[in-house]
Structures are given as C-alpha cells and as structure tokens.
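Novice: Please find my_file-v9.pdb (PDB, C-alpha atoms, pLDDT in the B column) on the next line:
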```
ATOM      1  CA  VAL A 928      12.493  11.981  18.017  1.00 97.00           C
ATOM      2  CA  VAL A 929       9.968   9.604  16.444  1.00 97.00           C
ATOM      3  CA  VAL A 930      11.270   6.234  15.259  1.00 97.00           C
ATOM      4  CA  LEU A 931       9.266   4.200  12.738  1.00 97.00           C
ATOM      5  CA  THR A 932       9.689   0.461  12.304  1.00 95.00           C
ATOM      6  CA  ASP A 933       7.552  -2.516  11.301  1.00 90.00           C
ATOM      7  CA  SER A 934       6.393  -5.688  13.012  1.00 87.00           C
ATOM      8  CA  ASP A 935       8.052  -7.748  10.253  1.00 84.00           C
ATOM      9  CA  THR A 936      11.547  -6.257  10.513  1.00 92.00           C
ATOM     10  CA  VAL A 937      14.168  -7.462  12.995  1.00 95.00           C
ATOM     11  CA  PRO A 938      16.899  -5.072  14.187  1.00 96.00           C
ATOM     12  CA  GLU A 939      20.547  -6.007  14.392  1.00 96.00           C
ATOM     13  CA  PRO A 940      22.514  -5.195  17.577  1.00 96.00           C
ATOM     14  CA  GLY A 941      23.273  -1.475  17.822  1.00 97.00           C
ATOM     15  CA  TRP A 942      20.394  -0.520  15.524  1.00 97.00           C
ATOM     16  CA  LEU A 943      18.722   2.072  17.744  1.00 97.00           C
ATOM     17  CA  SER A 944      21.892   3.845  18.861  1.00 97.00           C
ATOM     18  CA  ALA A 945      23.048   4.070  15.227  1.00 97.00           C
ATOM     19  CA  LEU A 946      19.682   5.514  14.185  1.00 97.00           C
ATOM     20  CA  LEU A 947      19.581   8.081  16.995  1.00 97.00           C
ATOM     21  CA  GLY A 948      23.233   9.126  17.002  1.00 97.00           C
ATOM     22  CA  PRO A 949      23.041  11.747  14.210  1.00 97.00           C
ATOM     23  CA  PHE A 950      20.327  13.670  16.082  1.00 97.00           C
ATOM     24  CA  GLU A 951      23.064  15.111  18.295  1.00 96.00           C
ATOM     25  CA  ASP A 952      23.372  17.544  15.394  1.00 95.00           C
ATOM     26  CA  PRO A 953      20.389  19.902  15.788  1.00 94.00           C
ATOM     27  CA  GLU A 954      20.251  20.450  12.012  1.00 93.00           C
ATOM     28  CA  ILE A 955      19.390  16.805  11.309  1.00 96.00           C
ATOM     29  CA  ILE A 956      15.673  16.250  10.612  1.00 96.00           C
ATOM     30  CA  CYS A 957      15.597  12.729   9.137  1.00 97.00           C
ATOM     31  CA  VAL A 958      17.789   9.668   9.677  1.00 97.00           C
ATOM     32  CA  ASN A 959      17.265   6.691   7.353  1.00 96.00           C
ATOM     33  CA  GLY A 960      18.357   3.178   8.326  1.00 95.00           C
ATOM     34  CA  TYR A 961      19.466   0.197   6.244  1.00 94.00           C
ATOM     35  CA  THR A 962      16.852  -2.486   5.529  1.00 94.00           C
ATOM     36  CA  TYR A 963      17.704  -5.663   3.639  1.00 94.00           C
ATOM     37  CA  LEU A 964      16.000  -8.949   2.756  1.00 94.00           C
ATOM     38  CA  LEU A 965      17.024 -12.267   4.225  1.00 93.00           C
ATOM     39  CA  TYR A 966      17.394 -15.129   1.772  1.00 93.00           C
ATOM     40  CA  ASP A 967      17.627 -18.885   2.151  1.00 91.00           C
ATOM     41  CA  ASP A 968      16.573 -20.390  -1.190  1.00 94.00           C
ATOM     42  CA  PHE A 969      16.473 -19.653  -4.908  1.00 95.00           C
ATOM     43  CA  PHE A 970      13.279 -17.612  -4.795  1.00 93.00           C
ATOM     44  CA  SER A 971      14.359 -15.410  -1.872  1.00 93.00           C
ATOM     45  CA  ARG A 972      17.851 -14.903  -3.338  1.00 95.00           C
ATOM     46  CA  THR A 973      16.256 -13.614  -6.528  1.00 96.00           C
ATOM     47  CA  PHE A 974      14.058 -11.230  -4.556  1.00 94.00           C
ATOM     48  CA  ALA A 975      17.106  -9.934  -2.669  1.00 94.00           C
ATOM     49  CA  LEU A 976      18.785  -9.212  -6.003  1.00 95.00           C
ATOM     50  CA  ILE A 977      15.893  -7.431  -7.729  1.00 95.00           C
ATOM     51  CA  TRP A 978      14.176  -5.782  -4.738  1.00 92.00           C
ATOM     52  CA  PHE A 979      14.220  -2.077  -3.891  1.00 89.00           C
ATOM     53  CA  PHE A 980      16.224  -2.749  -0.696  1.00 92.00           C
ATOM     54  CA  PRO A 981      20.009  -2.933  -1.004  1.00 91.00           C
ATOM     55  CA  MET A 982      21.520  -6.336  -0.355  1.00 91.00           C
ATOM     56  CA  ALA A 983      23.022  -7.128   3.041  1.00 88.00           C
ATOM     57  CA  ARG A 984      26.594  -7.072   1.738  1.00 85.00           C
ATOM     58  CA  GLY A 985      28.507  -5.946  -1.325  1.00 79.00           C
ATOM     59  CA  ASP A 986      25.947  -3.346  -2.435  1.00 83.00           C
ATOM     60  CA  LYS A 987      27.503  -0.032  -1.369  1.00 82.00           C
ATOM     61  CA  ARG A 988      26.650   1.848  -4.554  1.00 80.00           C
ATOM     62  CA  PHE A 989      22.942   1.051  -4.323  1.00 83.00           C
ATOM     63  CA  ALA A 990      22.905   1.514  -0.540  1.00 81.00           C
ATOM     64  CA  SER A 991      24.429   4.986  -0.782  1.00 78.00           C
ATOM     65  CA  LYS A 992      21.416   6.300  -2.742  1.00 77.00           C
ATOM     66  CA  ARG A 993      18.643   4.275  -1.129  1.00 83.00           C
ATOM     67  CA  ALA A 994      15.203   5.805  -0.700  1.00 85.00           C
ATOM     68  CA  ILE A 995      13.655   6.367   2.708  1.00 90.00           C
ATOM     69  CA  ASN A 996      12.344   3.230   4.399  1.00 84.00           C
ATOM     70  CA  ALA A 997       9.185   3.726   6.434  1.00 91.00           C
ATOM     71  CA  ASN A 998      10.116   0.540   8.298  1.00 93.00           C
ATOM     72  CA  ASN A 999      13.465   1.904   9.518  1.00 96.00           C
ATOM     73  CA  ILE A1000      13.569   5.677   9.866  1.00 97.00           C
ATOM     74  CA  ALA A1001      13.539   8.438  12.473  1.00 98.00           C
ATOM     75  CA  PHE A1002      12.370  12.070  12.359  1.00 98.00           C
ATOM     76  CA  ARG A1003      12.420  15.099  14.580  1.00 97.00           C
ATOM     77  CA  ARG A1004       9.026  14.869  16.230  1.00 97.00           C
ATOM     78  CA  LEU A1005       8.083  18.477  15.551  1.00 97.00           C
ATOM     79  CA  TRP A1006       8.826  18.142  11.844  1.00 97.00           C
ATOM     80  CA  ILE A1007       7.035  14.835  11.220  1.00 97.00           C
ATOM     81  CA  THR A1008       3.928  15.864  13.187  1.00 97.00           C
ATOM     82  CA  ASN A1009       3.705  18.992  11.045  1.00 97.00           C
ATOM     83  CA  ASN A1010       4.555  17.073   7.863  1.00 96.00           C
ATOM     84  CA  PRO A1011       2.979  13.606   8.087  1.00 96.00           C
ATOM     85  CA  PHE A1012       3.186  11.015   5.346  1.00 95.00           C
ATOM     86  CA  PRO A1013       0.773  12.216   2.622  1.00 94.00           C
ATOM     87  CA  LYS A1014      -2.427  10.222   2.212  1.00 93.00           C
ATOM     88  CA  HIS A1015      -2.445   8.429  -1.114  1.00 94.00           C
ATOM     89  CA  ASN A1016      -4.124   5.458  -2.797  1.00 96.00           C
ATOM     90  CA  GLY A1017      -0.737   3.994  -3.659  1.00 94.00           C
ATOM     91  CA  PHE A1018       1.048   1.308  -1.695  1.00 91.00           C
ATOM     92  CA  LYS A1019       4.451   3.029  -1.398  1.00 89.00           C
ATOM     93  CA  VAL A1020       3.844   6.431  -2.991  1.00 95.00           C
ATOM     94  CA  SER A1021       3.600   8.305   0.310  1.00 95.00           C
ATOM     95  CA  CYS A1022       7.243   7.505   1.095  1.00 94.00           C
ATOM     96  CA  THR A1023       8.363   9.042  -2.200  1.00 95.00           C
ATOM     97  CA  LEU A1024       6.236  12.147  -1.717  1.00 96.00           C
ATOM     98  CA  LEU A1025       7.586  12.715   1.792  1.00 96.00           C
ATOM     99  CA  MET A1026      11.153  12.222   0.567  1.00 95.00           C
ATOM    100  CA  ARG A1027      10.619  14.829  -2.159  1.00 95.00           C
ATOM    101  CA  LYS A1028       9.225  17.245   0.431  1.00 95.00           C
ATOM    102  CA  LEU A1029      12.376  16.824   2.523  1.00 95.00           C
ATOM    103  CA  GLN A1030      14.496  17.486  -0.546  1.00 93.00           C
ATOM    104  CA  ARG A1031      12.481  20.560  -1.575  1.00 94.00           C
ATOM    105  CA  GLU A1032      12.999  22.008   1.891  1.00 94.00           C
ATOM    106  CA  SER A1033      16.739  21.255   1.617  1.00 93.00           C
ATOM    107  CA  HIS A1034      16.723  18.807   4.523  1.00 94.00           C
ATOM    108  CA  GLU A1035      19.458  16.208   4.267  1.00 90.00           C
ATOM    109  CA  ILE A1036      18.260  12.597   4.467  1.00 93.00           C
ATOM    110  CA  HIS A1037      21.007  11.178   6.640  1.00 93.00           C
ATOM    111  CA  ASN A1038      21.661   7.525   5.698  1.00 93.00           C
ATOM    112  CA  VAL A1039      23.262   5.451   8.455  1.00 94.00           C
ATOM    113  CA  ASN A1040      24.192   1.805   8.971  1.00 93.00           C
ATOM    114  CA  ALA A1041      21.323   1.164  11.409  1.00 95.00           C
ATOM    115  CA  ARG A1042      20.466  -2.268  10.080  1.00 96.00           C
ATOM    116  CA  VAL A1043      17.270  -4.287  10.186  1.00 96.00           C
ATOM    117  CA  TYR A1044      16.413  -7.352   8.152  1.00 95.00           C
ATOM    118  CA  HIS A1045      13.113  -8.200   6.557  1.00 92.00           C
ATOM    119  CA  TYR A1046      12.051 -11.793   6.076  1.00 88.00           C
ATOM    120  CA  ALA A1047      11.930 -12.861   2.457  1.00 84.00           C
ATOM    121  CA  PRO A1048       8.633 -12.602   0.557  1.00 82.00           C
ATOM    122  CA  ARG A1049       7.093 -15.998  -0.141  1.00 80.00           C
ATOM    123  CA  GLY A1050       4.859 -17.504  -2.772  1.00 85.00           C
ATOM    124  CA  TRP A1051       3.740 -16.930  -6.345  1.00 90.00           C
ATOM    125  CA  LYS A1052       0.604 -15.067  -5.263  1.00 89.00           C
ATOM    126  CA  PHE A1053       2.728 -12.433  -3.559  1.00 90.00           C
ATOM    127  CA  PHE A1054       5.041 -12.310  -6.580  1.00 93.00           C
ATOM    128  CA  TYR A1055       2.126 -11.640  -8.945  1.00 94.00           C
ATOM    129  CA  TRP A1056       0.370  -9.064  -6.743  1.00 94.00           C
ATOM    130  CA  ARG A1057       3.525  -7.206  -5.735  1.00 94.00           C
ATOM    131  CA  ALA A1058       4.721  -6.892  -9.325  1.00 96.00           C
ATOM    132  CA  LEU A1059       1.422  -5.383 -10.484  1.00 97.00           C
ATOM    133  CA  VAL A1060       1.205  -2.949  -7.570  1.00 96.00           C
ATOM    134  CA  THR A1061       4.830  -1.944  -8.184  1.00 97.00           C
ATOM    135  CA  GLY A1062       3.826  -0.913 -11.702  1.00 98.00           C
ATOM    136  CA  ARG A1063       0.722   0.936 -10.577  1.00 98.00           C
ATOM    137  CA  ASP A1064       2.709   2.816  -7.958  1.00 98.00           C
ATOM    138  CA  ALA A1065       5.299   3.764 -10.582  1.00 98.00           C
ATOM    139  CA  ASP A1066       2.548   5.407 -12.643  1.00 98.00           C
ATOM    140  CA  ARG A1067       1.142   7.164  -9.576  1.00 98.00           C
ATOM    141  CA  LYS A1068       4.581   8.584  -8.773  1.00 97.00           C
ATOM    142  CA  PHE A1069       4.984   9.814 -12.336  1.00 98.00           C
ATOM    143  CA  VAL A1070       1.627  11.593 -12.168  1.00 97.00           C
ATOM    144  CA  GLU A1071       2.506  13.248  -8.851  1.00 96.00           C
ATOM    145  CA  LEU A1072       6.060  14.237  -9.724  1.00 96.00           C
ATOM    146  CA  SER A1073       6.120  14.699 -13.500  1.00 97.00           C
ATOM    147  CA  SER A1074       2.941  14.763 -15.591  1.00 96.00           C
ATOM    148  CA  PRO A1075      -0.702  13.573 -15.603  1.00 96.00           C
ATOM    149  CA  SER A1076      -0.645  13.300 -19.431  1.00 97.00           C
ATOM    150  CA  ARG A1077      -1.767   9.816 -20.501  1.00 97.00           C
ATOM    151  CA  MET A1078       0.575   9.820 -23.479  1.00 97.00           C
ATOM    152  CA  GLN A1079       3.582  10.692 -21.338  1.00 98.00           C
ATOM    153  CA  ARG A1080       2.537   8.092 -18.775  1.00 98.00           C
ATOM    154  CA  VAL A1081       2.355   5.382 -21.452  1.00 98.00           C
ATOM    155  CA  VAL A1082       5.774   6.374 -22.808  1.00 98.00           C
ATOM    156  CA  LYS A1083       7.144   6.286 -19.264  1.00 98.00           C
ATOM    157  CA  SER A1084       5.806   2.754 -18.746  1.00 98.00           C
ATOM    158  CA  PHE A1085       7.871   1.519 -21.696  1.00 98.00           C
ATOM    159  CA  SER A1086      11.016   3.432 -20.702  1.00 98.00           C
ATOM    160  CA  ARG A1087      10.777   2.149 -17.136  1.00 98.00           C
ATOM    161  CA  TRP A1088      10.309  -1.410 -18.378  1.00 98.00           C
ATOM    162  CA  PHE A1089      13.566  -1.097 -20.322  1.00 98.00           C
ATOM    163  CA  THR A1090      15.369   0.496 -17.362  1.00 97.00           C
ATOM    164  CA  MET A1091      14.236  -2.107 -14.834  1.00 97.00           C
ATOM    165  CA  SER A1092      14.943  -4.978 -17.230  1.00 97.00           C
ATOM    166  CA  TRP A1093      18.501  -3.749 -17.649  1.00 97.00           C
ATOM    167  CA  ARG A1094      18.877  -3.142 -13.909  1.00 96.00           C
ATOM    168  CA  THR A1095      17.634  -6.666 -13.169  1.00 97.00           C
ATOM    169  CA  THR A1096      20.110  -8.203 -15.595  1.00 97.00           C
ATOM    170  CA  ARG A1097      22.975  -6.151 -14.216  1.00 95.00           C
ATOM    171  CA  ARG A1098      22.209  -6.938 -10.587  1.00 95.00           C
ATOM    172  CA  VAL A1099      21.577 -10.653 -11.036  1.00 96.00           C
ATOM    173  CA  VAL A1100      24.697 -11.168 -13.130  1.00 95.00           C
ATOM    174  CA  GLY A1101      26.833  -8.903 -10.972  1.00 93.00           C
ATOM    175  CA  HIS A1102      25.696  -9.936  -7.481  1.00 94.00           C
ATOM    176  CA  ALA A1103      24.258 -13.458  -7.682  1.00 94.00           C
ATOM    177  CA  ARG A1104      27.439 -15.109  -6.445  1.00 91.00           C
ATOM    178  CA  GLU A1105      27.436 -12.864  -3.340  1.00 91.00           C
ATOM    179  CA  THR A1106      24.135 -14.457  -2.289  1.00 93.00           C
ATOM    180  CA  GLY A1107      25.575 -17.949  -2.644  1.00 93.00           C
ATOM    181  CA  MET A1108      23.462 -18.668  -5.717  1.00 96.00           C
ATOM    182  CA  PRO A1109      24.934 -21.546  -7.767  1.00 96.00           C
ATOM    183  CA  LEU A1110      26.037 -20.638 -11.270  1.00 95.00           C
ATOM    184  CA  TRP A1111      23.416 -22.869 -12.893  1.00 97.00           C
ATOM    185  CA  GLN A1112      20.589 -20.988 -11.157  1.00 97.00           C
ATOM    186  CA  ILE A1113      21.564 -17.553 -12.485  1.00 97.00           C
ATOM    187  CA  PRO A1114      19.736 -17.911 -15.867  1.00 97.00           C
ATOM    188  CA  PHE A1115      16.547 -18.949 -14.032  1.00 98.00           C
ATOM    189  CA  SER A1116      16.936 -16.004 -11.657  1.00 97.00           C
ATOM    190  CA  LEU A1117      17.200 -13.706 -14.667  1.00 98.00           C
ATOM    191  CA  ILE A1118      13.992 -15.165 -16.109  1.00 98.00           C
ATOM    192  CA  LEU A1119      12.191 -14.711 -12.789  1.00 97.00           C
ATOM    193  CA  GLY A1120      13.424 -11.131 -12.425  1.00 97.00           C
ATOM    194  CA  GLN A1121      12.384 -10.244 -15.961  1.00 98.00           C
ATOM    195  CA  ALA A1122       8.958 -11.817 -15.356  1.00 98.00           C
ATOM    196  CA  PHE A1123       8.520  -9.664 -12.248  1.00 98.00           C
ATOM    197  CA  TYR A1124       9.240  -6.433 -14.103  1.00 98.00           C
ATOM    198  CA  GLY A1125       7.252  -7.592 -17.105  1.00 98.00           C
ATOM    199  CA  LEU A1126       4.231  -7.831 -14.809  1.00 98.00           C
ATOM    200  CA  ALA A1127       5.197  -4.467 -13.298  1.00 98.00           C
ATOM    201  CA  PHE A1128       5.182  -2.995 -16.801  1.00 98.00           C
ATOM    202  CA  TRP A1129       1.683  -4.330 -17.391  1.00 98.00           C
ATOM    203  CA  GLY A1130       0.566  -2.868 -14.061  1.00 98.00           C
ATOM    204  CA  GLN A1131       1.960   0.532 -15.026  1.00 98.00           C
ATOM    205  CA  PHE A1132       0.752   0.455 -18.641  1.00 98.00           C
ATOM    206  CA  SER A1133      -2.773  -0.683 -17.761  1.00 98.00           C
ATOM    207  CA  PHE A1134      -2.996   2.050 -15.139  1.00 97.00           C
ATOM    208  CA  ALA A1135      -1.636   4.741 -17.473  1.00 98.00           C
ATOM    209  CA  THR A1136      -4.123   3.833 -20.214  1.00 97.00           C
ATOM    210  CA  GLY A1137      -7.093   3.702 -17.839  1.00 96.00           C
ATOM    211  CA  ILE A1138      -7.707  -0.032 -18.202  1.00 97.00           C
ATOM    212  CA  VAL A1139      -7.411  -0.328 -14.407  1.00 95.00           C
ATOM    213  CA  ARG A1140      -9.095   2.203 -12.121  1.00 94.00           C
ATOM    214  CA  ASP A1141      -7.301   4.020  -9.312  1.00 95.00           C
ATOM    215  CA  GLU A1142      -8.389   2.463  -6.020  1.00 94.00           C
ATOM    216  CA  ILE A1143      -6.787   2.280  -2.590  1.00 94.00           C
ATOM    217  CA  GLU A1144      -4.132  -0.443  -2.574  1.00 94.00           C
ATOM    218  CA  LEU A1145      -4.740  -3.041   0.114  1.00 90.00           C
ATOM    219  CA  VAL A1146      -2.894  -6.284   0.756  1.00 87.00           C
ATOM    220  CA  PRO A1147      -5.270  -9.017  -0.481  1.00 85.00           C
ATOM    221  CA  ASP A1148      -6.423 -11.723   1.900  1.00 81.00           C
ATOM    222  CA  TYR A1149      -4.784 -14.411  -0.235  1.00 75.00           C
ATOM    223  CA  ILE A1150      -1.297 -12.981   0.395  1.00 75.00           C
ATOM    224  CA  GLY A1151       0.538 -15.079   2.967  1.00 61.00           C
ATOM    225  CA  HIS A1152       3.037 -13.774   5.500  1.00 56.00           C
ATOM    226  CA  SER A1153       6.809 -14.102   5.268  1.00 49.00           C
TER     227      SER A1153
END
```
Write out the structure in this file as structure tokens.

Specialist:
Amino acid sequence: VVVLTDSDTVPEPGWLSALLGPFEDPEIICVNGYTYLLYDDFFSRTFALIWFFPMARGDKRFASKRAINANNIAFRRLWITNNPFPKHNGFKVSCTLLMRKLQRESHEIHNVNARVYHYAPRGWKFFYWRALVTGRDADRKFVELSSPSRMQRVVKSFSRWFTMSWRTTRRVVGHARETGMPLWQIPFSLILGQAFYGLAFWGQFSFATGIVRDEIELVPDYIGHS
C-alpha cells in the first residue's frame, strides 16, 4: 500500500490505522481520508466555509461526496504504479482525472474518517492567485471531461459562476455559526466568498476565450506559507 500525504497537513490520532484498515478487503484499491482546514479568524473561517474541503464538523453531506485528496489518500501499490497521477498543466486537474479513471474501472473510492487538518491559507495574494487558478483548472477539467469547444467552455464559465455563487451563499449562511463566526461577520464573509468565485469566474472565462494561455501552474514566489 502506498500512502500519500503532504508536509503541510497534520494527522489526528488514529489517522494511519483508519486509512489502512479497509485494505483488509482485497477488493479495495483506493482509500480516501478526510482533510479539513483549521480556522482561527474571520479570513480563515470564510475559507473553511467556501473551500473544497469539508468542514471539520457538521458537514456530513459534503463530506460524503468529497473528491479524492492527494494529501490524504492510499492506493494499492500495484495499481497506482501502473496508473500514476496524469501529467497536466493544471494545479489540481490530475486528481480529478485519476478519480475519473477509478470510476471508469468501477473501483470504489472508499471514504473513511482518517482525519488530517490543513493550516488555513493566509493573505490577499494567496486569495487572488488561488481564485484565478481555481477558475483556470475548472476550464481545464471541462475540456478533459466534456468538450474542447470554446463556446461550450464560455457557457460553462457562466453556469459555474452561478452554481458556485449559490453554493457559497448556502454554505456561509448555513454553516457560519458552526465555525464560531459572529452574526455581524456573516455578510462580510458572503462578500468575500462571492469575490473569490467572481475572480474564479474571470480565471475560467479568460482561459476559455483564449485571453490567457495554457501554461504549467506553479505556486508564485510571492505566495506565503500557511
């Protein structure tokens, strides 16, 4: 079994045994853990609400359908060596492509409560860069999984903007109190969340229309650490 984790995630007690336990079943190929963001201020609470990780508590619906996390996952060694993460210019696209390959081959992605936490992202520079790359990756995924048509990609950028705007509103309003966010901060959290996905829309739209060229995504030097 090969276990993948990151240098910026911290496991909770019992993490490894929970991740490895399902492999007692010889049919299991992939076991996906539970990664969540820590939060300690307004900015990090907002990220925890709008991010692609489920929240630490009170988020069972989202957690039940979470995507694979390359920072908290285990594979049968033979399978992952024969089916490595696909090379791609995108920042997170390879995870999606590998997940779709598992699904096409009818391999169950076994989600377990093997928990690690990720320190909260910090700073406006990260906010700006991560929103744009989120949009560009969304367009890359659409090209790989649906259609390379520019018109369809542009339409998708608008439909995703609407979807993510609604999701942001629903999650902030529905879960803000679980993070300990004061009531008066919720409107500002909504504004921040909508700004993030507004930038993501621009990243996706500009990529779909060819305004921005497709280049390998690298973390810029100006991005600080958590």

Novice: Using the chain letters and numbers from the file, which residues does the PyMOL selection byres ((chain A and resi 1024) around 10) grab, as JSON, numbers by chain?

Specialist: {"A": [1012, 1013, 1014, 1015, 1019, 1020, 1021, 1022, 1023, 1025, 1026, 1027, 1028, 1029, 1030, 1068, 1071, 1072]}

Novice: Quick one: write out the picked residues with C-alpha atoms as a PDB file, in the frame of the given file?

Specialist:
```pdb
ATOM      1  CA  PHE A1012       3.186  11.015   5.346  1.00 95.00           C
ATOM      2  CA  PRO A1013       0.773  12.216   2.622  1.00 94.00           C
ATOM      3  CA  LYS A1014      -2.427  10.222   2.212  1.00 93.00           C
ATOM      4  CA  HIS A1015      -2.445   8.429  -1.114  1.00 94.00           C
ATOM      5  CA  LYS A1019       4.451   3.029  -1.398  1.00 89.00           C
ATOM      6  CA  VAL A1020       3.844   6.431  -2.991  1.00 95.00           C
ATOM      7  CA  SER A1021       3.600   8.305   0.310  1.00 95.00           C
ATOM      8  CA  CYS A1022       7.243   7.505   1.095  1.00 94.00           C
ATOM      9  CA  THR A1023       8.363   9.042  -2.200  1.00 95.00           C
ATOM     10  CA  LEU A1025       7.586  12.715   1.792  1.00 96.00           C
ATOM     11  CA  MET A1026      11.153  12.222   0.567  1.00 95.00           C
ATOM     12  CA  ARG A1027      10.619  14.829  -2.159  1.00 95.00           C
ATOM     13  CA  LYS A1028       9.225  17.245   0.431  1.00 95.00           C
ATOM     14  CA  LEU A1029      12.376  16.824   2.523  1.00 95.00           C
ATOM     15  CA  GLN A1030      14.496  17.486  -0.546  1.00 93.00           C
ATOM     16  CA  LYS A1068       4.581   8.584  -8.773  1.00 97.00           C
ATOM     17  CA  GLU A1071       2.506  13.248  -8.851  1.00 96.00           C
ATOM     18  CA  LEU A1072       6.060  14.237  -9.724  1.00 96.00           C
TER      19      LEU A1072
END
```

Novice: Would you work out the distance separating CA of Ile1036 in chain A from CA of Pro1011 in chain A, expressed in Å to one decimal?

Specialist: 15.7 Å

Novice: Each residue of range 1055-1145 of chain A with at least one atom at most 8 Å from range 971-974 of chain A should appear once, together with its nearest atom pair and the corresponding distance in Å (one decimal); atoms considered: all atoms listed in the file; ordering: chain, then increasing residue number; output as a tab-separated table.

Specialist:
```
residue	atom	partner	partner_atom	distance
A:Val1099	CA	A:Thr973	CA	7.6
A:Ala1103	CA	A:Arg972	CA	7.9
A:Thr1106	CA	A:Arg972	CA	6.4
A:Met1108	CA	A:Arg972	CA	7.2
A:Ser1116	CA	A:Thr973	CA	5.7
A:Leu1119	CA	A:Thr973	CA	7.5
A:Gly1120	CA	A:Thr973	CA	7.0
```

Novice: Now that the selection is made, can you save its residues with C-alpha atoms as a short mmCIF file (atom, residue, chain, number, x, y, z; two decimals), keeping the file's coordinate frame?

Specialist:
```
data_model
loop_
_atom_site.label_atom_id
_atom_site.label_comp_id
_atom_site.auth_asym_id
_atom_site.auth_seq_id
_atom_site.Cartn_x
_atom_site.Cartn_y
_atom_site.Cartn_z
CA VAL A 1099 21.58 -10.65 -11.04
CA ALA A 1103 24.26 -13.46 -7.68
CA THR A 1106 24.14 -14.46 -2.29
CA MET A 1108 23.46 -18.67 -5.72
CA SER A 1116 16.94 -16.00 -11.66
CA LEU A 1119 12.19 -14.71 -12.79
CA GLY A 1120 13.42 -11.13 -12.42
#
```

Novice: Report, in Å with one decimal, the straight-line distance from CA of Val958 in chain A to CA of Val1039 in chain A.

Specialist: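 CA of Val1039 in chain A lies at a distance of 7.0 Å from CA of Val958 in chain A.
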
Novice: Write out as a PyMOL selection string each polymer residue whose atoms come within 7 Å of range 1046-1063 of chain A, counting all atoms listed in the file; drop sequence neighbours fewer than 3 positions from it.

Specialist: chain A and resi 964-966+971+1066-1067+1123-1124+1126-1131+1134+1150+1153

Novice: When the PyMOL selection byres ((chain A and resi 938-948) around 12) is applied to the structure above, which residues does it catch, written out as a ChimeraX atom specification?

Specialist: /A:928-937,949-953,955-963,983,998-1003,1037-1046

Novice: One decimal, in Å: what's the spacing between CA of Asp1064 in chain A and CA of Phe1018 in chain A?

Specialist: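 Value for the CA of Asp1064 in chain A-CA of Phe1018 in chain A distance: 6.7 Å.
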
Novice: Nearest residue to Arg1094 in chain A out of A:Leu1117, A:Arg1031, A:Arg984, A:Asp1148, using only C-alpha atoms?

Specialist: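 Answer, going by the shortest atom-to-atom distance: A:Leu1117.
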
Novice: Between A:Gln1112, A:Gly985, A:Val1139, A:Gly1125, which one has atoms that come closest to Thr1090 in chain A, using all atoms listed in the file?

Specialist: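 Smallest separation from Thr1090 in chain A among the options: A:Gly1125.
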
Novice: Please list as an MDAnalysis selection string every residue within 7 Å of Asn1016 in chain A, counting only C-alpha atoms and excluding residues in the same chain fewer than 3 positions away.

Specialist: chainID A and resid 1142:1144
